[in-house]
Each structure stands twice: as structure tokens, then as C-alpha cells.
$ cat model.csv   # CSV, C-alpha atoms
chain,number,residue,atom,x,y,z
A,1045,MET,CA,32.5,62.2,57.6
A,1046,THR,CA,30.5,65.3,58.3
A,1047,PRO,CA,30.9,67.0,61.7
A,1048,VAL,CA,28.4,66.3,64.5
A,1049,GLN,CA,26.3,69.3,65.3
A,1050,GLY,CA,23.9,67.8,67.9
A,1051,ILE,CA,24.3,65.1,70.6
A,1052,ILE,CA,21.5,63.1,72.2
A,1053,PHE,CA,22.0,61.2,75.4
A,1054,ASP,CA,20.1,58.4,76.9
A,1055,LYS,CA,19.6,59.0,80.6
A,1056,ASP,CA,19.9,55.7,82.6
A,1057,GLY,CA,23.0,53.8,81.9
A,1058,THR,CA,24.5,56.7,80.0
A,1059,LEU,CA,24.4,60.0,81.9
A,1060,PHE,CA,23.9,57.9,85.1
A,1061,ASP,CA,25.4,54.5,85.9
A,1062,PHE,CA,22.6,52.0,85.5
A,1063,GLY,CA,23.3,49.5,88.3
A,1064,SER,CA,24.1,52.1,91.0
A,1065,THR,CA,20.8,53.9,90.3
A,1066,TRP,CA,18.2,51.3,89.4
A,1067,GLU,CA,19.2,48.3,91.4
A,1068,THR,CA,18.5,50.3,94.6
A,1069,TRP,CA,15.3,51.6,93.1
A,1070,ALA,CA,14.0,48.2,92.0
A,1071,GLY,CA,14.5,46.7,95.5
A,1072,ALA,CA,12.6,49.5,97.2
A,1073,PHE,CA,9.9,49.6,94.5
A,1074,LEU,CA,9.2,45.9,94.5
A,1075,ARG,CA,9.2,45.6,98.3
A,1076,ARG,CA,6.7,48.5,98.5
A,1077,LEU,CA,4.5,47.0,95.9
A,1078,ALA,CA,4.6,43.5,97.2
A,1079,GLY,CA,4.3,44.0,101.0
A,1080,ASN,CA,6.5,40.9,101.8
A,1081,GLU,CA,9.8,39.5,100.7
A,1082,ALA,CA,8.5,36.3,99.0
A,1083,HIS,CA,6.0,38.3,96.8
A,1084,ALA,CA,8.8,40.9,96.0
A,1085,GLU,CA,10.9,38.1,94.7
A,1086,GLU,CA,8.0,36.9,92.5
A,1087,LEU,CA,7.5,40.4,91.1
A,1088,GLY,CA,11.2,40.7,90.5
A,1089,HIS,CA,11.3,37.5,88.5
A,1090,ALA,CA,8.5,39.0,86.3
A,1091,ILE,CA,10.7,41.9,85.3
A,1092,GLY,CA,14.1,40.2,85.2
A,1093,PHE,CA,15.4,41.4,88.6
A,1094,ASP,CA,16.8,39.2,91.4
A,1095,VAL,CA,15.6,40.8,94.7
A,1096,PRO,CA,18.0,38.9,97.1
A,1097,THR,CA,21.1,40.0,95.2
A,1098,LEU,CA,19.7,43.3,93.9
A,1099,ARG,CA,20.8,42.5,90.3
A,1100,PHE,CA,19.2,42.9,86.9
A,1101,LEU,CA,19.3,40.1,84.4
A,1102,PRO,CA,20.6,41.0,80.9
A,1103,GLU,CA,17.1,40.5,79.4
A,1104,SER,CA,15.3,42.6,82.0
A,1105,ILE,CA,12.5,44.7,80.7
A,1106,VAL,CA,13.6,47.5,82.9
A,1107,ILE,CA,16.8,48.0,81.0
A,1108,ALA,CA,15.2,49.6,77.9
A,1109,GLY,CA,11.5,49.3,78.5
A,1110,THR,CA,9.1,52.0,79.4
A,1111,PRO,CA,7.4,52.4,82.8
A,1112,GLY,CA,4.1,51.5,81.1
A,1113,GLN,CA,5.6,48.2,79.9
A,1114,ILE,CA,7.0,47.5,83.4
A,1115,ALA,CA,3.6,48.2,85.0
A,1116,ASP,CA,1.9,46.0,82.5
A,1117,ALA,CA,4.2,43.1,83.3
A,1118,LEU,CA,3.7,43.5,87.1
A,1119,HIS,CA,0.0,44.3,87.2
A,1120,PRO,CA,-1.4,40.8,86.9
A,1121,LEU,CA,0.6,39.8,90.0
A,1122,VAL,CA,-0.6,42.6,92.2
A,1123,GLN,CA,-4.0,42.0,93.7
A,1124,GLY,CA,-6.3,44.9,94.1
A,1125,ALA,CA,-4.2,47.3,92.1
A,1126,THR,CA,-4.8,48.8,88.7
A,1127,VAL,CA,-2.1,49.3,86.1
A,1128,ASP,CA,-2.3,53.0,86.9
A,1129,ASP,CA,-1.7,52.2,90.6
A,1130,VAL,CA,1.4,50.3,89.8
A,1131,LEU,CA,2.6,53.0,87.4
A,1132,ARG,CA,2.0,55.7,90.0
A,1133,ILE,CA,4.1,53.8,92.6
A,1134,LEU,CA,6.8,53.0,90.0
A,1135,ASN,CA,7.1,56.7,89.1
A,1136,GLU,CA,7.1,57.9,92.8
A,1137,GLU,CA,10.0,55.5,93.6
A,1138,ALA,CA,11.8,56.4,90.3
A,1139,ALA,CA,11.8,60.1,91.1
A,1140,ARG,CA,13.5,59.3,94.4
A,1141,ALA,CA,16.1,56.9,92.9
A,1142,PRO,CA,19.6,57.9,93.8
A,1143,GLN,CA,21.6,58.9,90.7
A,1144,LYS,CA,25.3,58.2,90.3
A,1145,GLU,CA,26.8,60.3,87.5
A,1146,ALA,CA,28.8,58.4,85.0
A,1147,THR,CA,31.2,61.4,85.0
A,1148,PRO,CA,30.9,64.8,86.7
A,1149,LEU,CA,28.1,66.0,84.4
A,1150,PRO,CA,28.1,69.8,84.7
A,1151,ALA,CA,31.7,70.2,83.6
A,1152,PHE,CA,31.3,67.5,80.9
A,1153,LEU,CA,28.2,69.1,79.4
A,1154,ASP,CA,29.6,72.6,79.6
A,1155,ALA,CA,32.7,71.4,77.6
A,1156,LEU,CA,30.4,70.0,74.9
A,1157,SER,CA,28.3,73.2,74.8
A,1158,GLY,CA,31.5,75.2,74.6
A,1159,HIS,CA,32.3,73.5,71.4
A,1160,GLY,CA,28.9,74.4,69.9
A,1161,TYR,CA,27.0,71.1,70.3
A,1162,VAL,CA,23.2,71.2,70.7
A,1163,LEU,CA,22.4,68.8,73.5
A,1164,GLY,CA,19.4,66.6,74.3
A,1165,VAL,CA,18.1,63.8,76.4
A,1166,VAL,CA,15.7,61.1,75.2
A,1167,THR,CA,14.7,58.4,77.6
A,1168,ASN,CA,12.2,55.5,77.9
A,1169,ASP,CA,11.6,56.8,81.4
A,1170,ALA,CA,8.6,59.1,82.0
A,1171,GLU,CA,9.5,62.7,81.5
A,1172,GLU,CA,8.6,63.9,85.0
A,1173,PRO,CA,11.0,61.6,86.9
A,1174,ALA,CA,13.6,62.1,84.2
A,1175,ARG,CA,13.4,65.9,84.8
A,1176,ALA,CA,13.6,65.2,88.5
A,1177,HIS,CA,16.8,63.3,88.1
A,1178,LEU,CA,18.3,66.0,85.8
A,1179,ASP,CA,17.3,68.7,88.3
A,1180,ALA,CA,18.9,66.8,91.2
A,1181,ALA,CA,22.2,66.7,89.2
A,1182,GLY,CA,21.8,70.4,88.4
A,1183,ILE,CA,21.9,69.9,84.6
A,1184,THR,CA,18.4,70.3,83.3
A,1185,GLU,CA,19.1,73.8,81.8
A,1186,ARG,CA,22.1,72.4,79.9
A,1187,PHE,CA,19.9,70.5,77.6
A,1188,ASP,CA,18.0,72.1,74.7
A,1189,PHE,CA,15.6,69.2,74.4
A,1190,ILE,CA,14.3,66.6,76.9
A,1191,ALA,CA,11.8,63.8,76.1
A,1192,GLY,CA,10.4,60.7,77.9
A,1193,PHE,CA,8.3,57.9,76.5
A,1194,ASP,CA,5.2,59.9,77.5
A,1195,SER,CA,6.2,63.2,75.8
A,1196,GLY,CA,4.3,62.5,72.7
A,1197,TYR,CA,7.1,61.2,70.4
A,1198,GLY,CA,6.9,57.5,71.2
A,1199,ALA,CA,9.7,55.4,72.8
A,1200,LYS,CA,13.0,53.9,71.6
A,1201,PRO,CA,13.8,51.9,69.4
A,1202,ALA,CA,11.3,53.9,67.3
A,1203,PRO,CA,12.9,57.1,66.1
A,1204,GLY,CA,10.3,59.6,67.1
A,1205,GLN,CA,12.1,61.2,70.1
A,1206,LEU,CA,15.3,61.5,68.1
A,1207,LEU,CA,13.7,63.0,65.1
A,1208,ALA,CA,11.8,65.5,67.4
A,1209,PHE,CA,15.2,66.6,68.7
A,1210,ALA,CA,16.6,67.1,65.2
A,1211,GLU,CA,13.5,69.1,64.2
A,1212,SER,CA,13.8,71.2,67.4
A,1213,ALA,CA,17.5,71.9,66.8
A,1214,LYS,CA,16.9,72.5,63.1
A,1215,LEU,CA,19.5,69.9,62.2
A,1216,PRO,CA,19.4,67.1,59.6
A,1217,PRO,CA,19.4,63.7,61.4
A,1218,SER,CA,22.8,62.8,59.7
A,1219,ASP,CA,24.4,65.6,61.8
A,1220,VAL,CA,23.2,64.2,65.1
A,1221,LEU,CA,24.9,61.6,67.3
A,1222,MET,CA,23.0,59.3,69.7
A,1223,VAL,CA,24.9,58.1,72.8
A,1224,GLY,CA,23.4,55.2,74.7
A,1225,ASP,CA,24.0,52.0,76.6
A,1226,SER,CA,21.3,49.7,75.1
A,1227,LEU,CA,20.4,48.2,71.8
A,1228,HIS,CA,17.2,50.3,72.0
A,1229,ASP,CA,19.3,53.4,71.9
A,1230,LEU,CA,21.5,52.3,69.0
A,1231,LEU,CA,18.6,50.9,66.9
A,1232,ALA,CA,16.7,54.2,67.5
A,1233,ALA,CA,19.7,56.0,66.0
A,1234,LYS,CA,19.7,53.7,63.0
A,1235,ASN,CA,16.0,54.1,62.5
A,1236,ALA,CA,16.4,57.9,62.7
A,1237,GLY,CA,19.3,58.0,60.2
A,1238,MET,CA,21.7,59.1,62.9
A,1239,ARG,CA,25.2,58.0,64.0
A,1240,ALA,CA,25.5,56.1,67.3
A,1241,VAL,CA,28.0,55.6,70.1
A,1242,GLY,CA,27.7,52.9,72.8
A,1243,VAL,CA,28.8,53.2,76.4
A,1244,LEU,CA,29.4,50.5,79.0
A,1245,THR,CA,27.7,52.1,82.0
A,1246,GLY,CA,24.6,50.0,81.5
A,1247,ILE,CA,24.0,46.2,81.4
A,1248,ALA,CA,24.8,45.5,77.7
A,1249,THR,CA,28.3,44.3,76.9
A,1250,ALA,CA,30.6,45.6,74.2
A,1251,ASP,CA,30.0,42.7,71.9
A,1252,VAL,CA,26.3,43.3,71.9
A,1253,LEU,CA,26.6,47.1,71.2
A,1254,ALA,CA,29.6,47.1,68.8
A,1255,PRO,CA,27.8,45.9,65.6
A,1256,HIS,CA,25.4,48.9,65.9
A,1257,ALA,CA,27.8,51.7,67.0
A,1258,ALA,CA,30.6,53.7,65.5
A,1259,ILE,CA,32.5,53.0,68.7
A,1260,VAL,CA,31.8,51.6,72.2
A,1261,LEU,CA,33.4,53.7,75.0
A,1262,PRO,CA,33.8,52.8,78.7
A,1263,ASP,CA,31.7,55.8,79.6
A,1264,ILE,CA,30.7,59.2,78.3
A,1265,SER,CA,33.9,60.9,79.7
A,1266,TYR,CA,35.7,59.4,76.7
A,1267,LEU,CA,33.4,61.1,74.2
A,1268,MET,CA,35.1,64.4,73.6
A,1269,ASP,CA,38.5,62.8,72.9
A,1270,TRP,CA,36.8,60.5,70.4
A,1271,LEU,CA,34.9,63.3,68.7
A,1272,SER,CA,38.2,65.3,68.4
A,1273,SER,CA,40.1,62.3,67.0
A,1274,GLU,CA,37.5,61.7,64.4
A,1275,ASN,CA,37.3,65.4,63.4
A,1276,LEU,CA,33.6,65.5,64.4
A,1277,LEU,CA,33.7,68.9,66.1
A,1278,PRO,CA,30.9,71.3,64.9
A,1279,ALA,CA,31.6,73.2,61.7
$ encode --input "model.csv" --output "C-alpha cells"
Amino acid sequence: MTPVQGIIFDKDGTLFDFGSTWETWAGAFLRRLAGNEAHAEELGHAIGFDVPTLRFLPESIVIAGTPGQIADALHPLVQGATVDDVLRILNEEAARAPQKEATPLPAFLDALSGHGYVLGVVTNDAEEPARAHLDAAGITERFDFIAGFDSGYGAKPAPGQLLAFAESAKLPPSDVLMVGDSLHDLLAAKNAGMRAVGVLTGIATADVLAPHAAIVLPDISYLMDWLSSENLLPA
């Protein structure tokens, strides 16, 4: 197996623990959008989120969907608001969402860079709030490439974002590894001709991810040991 030269990370559920971040966001966002608790619960049902318990359902559109797709699902239930209004409120709340790092990220990313990996982030979040989250963690400058669903390359599971990273890094797709917590991430890697690793800091379970990944890890902190054990350090 040829060495890995570049590593792409999903953001939510991979760099940051999904539940700790987005369950808090969803409650605040839906209550702001709805104006009352009963309507907030109705909106939550539309996107696969239980407002009283602050828990996502496994099939929730939020797990791997884009903000635009979430806004489209909610808009018919919000009187007097346009899709753009819903999307604006969604992105405002998303930029303020608290981020719980899956592992201490600066040291983790520095270790990967120290081995010579080119690093990127591709997310189905919008680029602006994604950069706000990376800025808050102090890690934006550690990535050579950052793209959201609105950056001009499409959204996962289509391969556009991943192929744009490979082109930017001047690497063949076969030398790039995608690390993510959802089927969208792993299928995007397959569609791009890249290898994939799954992590369990999102909603998807190991049995869902395993058929599409070289390995499923508890979280990204296990990645370096796996790369070393598989002789996948950069040439």
C-alpha cells in the first residue's frame, strides 16, 4: 500500500464531537426560529431532532446534510420567513455553537504536519461558520485547504471538495486519506478514489461505517498510531 501524503478531515463529528456541539446548537436554533416550545418540537421533528431531550435521530438531515438542505426542510413550517431568512438564522447560531474538540487539536495537527502530511478540512457546513469554529480552536492556519458546501466544489458525498484538495496539494487522489464520521464522508472518499477512515465521534455506528472504511477508530487521536502501524507515513 502506498504511503498517505495528504489527510482530509470532516469537521463536525470528526475534529469536533458531534453531539456535544450540535445538540446544544439545534435546541437554541429551533427555539429562536419557532418562538415557542411546541413549534420548536414540530421543527425538530422535521429535521430528525428531539427538542425535549436534545438528541438527534440517526437519520437526521443535520448529520450529513448542508445548511441549505436543512433550511429547505424547515422553511415550509416557518410562517413569514424566506429560505434565506432561515438559512441566515441557522448560520448565525452555527457560528456561535460551542465546539468540543475530539482530541486536543493543535498538538494533534502539529504532529501530523511534522510527519509531512498536507492537511485539509471539507465540510457540508457553510465555509464561514466552519472557519469561525476552526478560528475559535486556534487551528485554521494548520490547514492547507478548507472548503464548505458553498465554496464552489459541491457537497459530500459528491467528490468535488476532496478532488479540489488533491488538486490544491498537487497529490494524486490515491495518496489522500479522508477521515470522517458519516457515510457521506466515506462515500465521498470512494467517489474521489481516496482511502477512508471512520471515527465514532458522530452519530453513525461502527457497523454502518466499517464496510466503507479501511478502519473505524474511536476518535482521531488513534489515527497516528494506525498510520504508523500500516506503514502509511509520507515517503
$ closest_residue --input "model.csv" --among "A:His1159, A:Lys1200, A:Lys1234, A:His1089" --to "Thr1110 in chain A" --atoms "all atoms listed in the file"
A:Lys1200
$ closest_atom_pairs --input "model.csv" --of "range 1098-1147 of chain A" --to "range 1164-1177 of chain A" --cutoff "9 Å" --atoms "only C-alpha atoms" --output "JSON lines"
{"residue": "A:Ala1108", "atom": "CA", "partner": "A:Asn1168", "partner_atom": "CA", "distance": 6.6}
{"residue": "A:Gly1109", "atom": "CA", "partner": "A:Asn1168", "partner_atom": "CA", "distance": 6.3}
{"residue": "A:Thr1110", "atom": "CA", "partner": "A:Asn1168", "partner_atom": "CA", "distance": 4.9}
{"residue": "A:Pro1111", "atom": "CA", "partner": "A:Asp1169", "partner_atom": "CA", "distance": 6.2}
{"residue": "A:Gly1112", "atom": "CA", "partner": "A:Ala1170", "partner_atom": "CA", "distance": 8.9}
{"residue": "A:Asn1135", "atom": "CA", "partner": "A:Pro1173", "partner_atom": "CA", "distance": 6.6}
{"residue": "A:Glu1136", "atom": "CA", "partner": "A:Pro1173", "partner_atom": "CA", "distance": 8.0}
{"residue": "A:Ala1138", "atom": "CA", "partner": "A:Pro1173", "partner_atom": "CA", "distance": 6.3}
{"residue": "A:Ala1139", "atom": "CA", "partner": "A:Pro1173", "partner_atom": "CA", "distance": 4.5}
{"residue": "A:Arg1140", "atom": "CA", "partner": "A:His1177", "partner_atom": "CA", "distance": 8.2}
{"residue": "A:Ala1141", "atom": "CA", "partner": "A:His1177", "partner_atom": "CA", "distance": 8.0}
{"residue": "A:Pro1142", "atom": "CA", "partner": "A:His1177", "partner_atom": "CA", "distance": 8.3}
{"residue": "A:Gln1143", "atom": "CA", "partner": "A:His1177", "partner_atom": "CA", "distance": 7.0}
$ closest_residue --input "model.csv" --among "A:Ile1107, A:Ile1052, A:Leu1153, A:Leu1207" --to "Val1241 in chain A" --atoms "only C-alpha atoms"
A:Ile1052
$ residues_around --input "model.csv" --residues "Glu1211 in chain A" --least-positions-apart "2" --cutoff "12 Å" --atoms "all atoms listed in the file" --output "PyMOL selection string"
chain A and resi 1050+1162+1164+1188-1189+1197+1204-1209+1213-1217+1219-1220+1236
$ atom_distance --input "model.csv" --atom1 "CA of Ile1133 in chain A" --atom2 "CA of Thr1245 in chain A"
25.9 Å
$ atom_distance --input "model.csv" --atom1 "CA of Ala1090 in chain A" --atom2 "CA of Ile1114 in chain A"
9.1 Å
$ residues_around --input "model.csv" --residues "Ser1265 in chain A" --least-positions-apart "6" --cutoff "9 Å" --atoms "all atoms listed in the file" --output "number ranges by chain"
A: 1146-1148, 1152
$ residues_near_point --input "model.csv" --point "(7.7, 44.7, 93.4)" --cutoff "7 Å" --atoms "all atoms listed in the file" --output "list of chain:residue names"
A:Phe1073, A:Leu1074, A:Arg1075, A:Arg1076, A:Leu1077, A:Ala1078, A:Ala1084, A:Leu1087, A:Gly1088
$ atom_distance --input "model.csv" --atom1 "CA of Asp1061 in chain A" --atom2 "CA of Leu1253 in chain A"
16.5 Å
$ residues_around --input "model.csv" --residues "Val1260 in chain A" --least-positions-apart "5" --cutoff "10 Å" --atoms "all atoms listed in the file" --output "ChimeraX atom specification"
/A:1223-1225,1240-1244,1249-1255,1266-1267
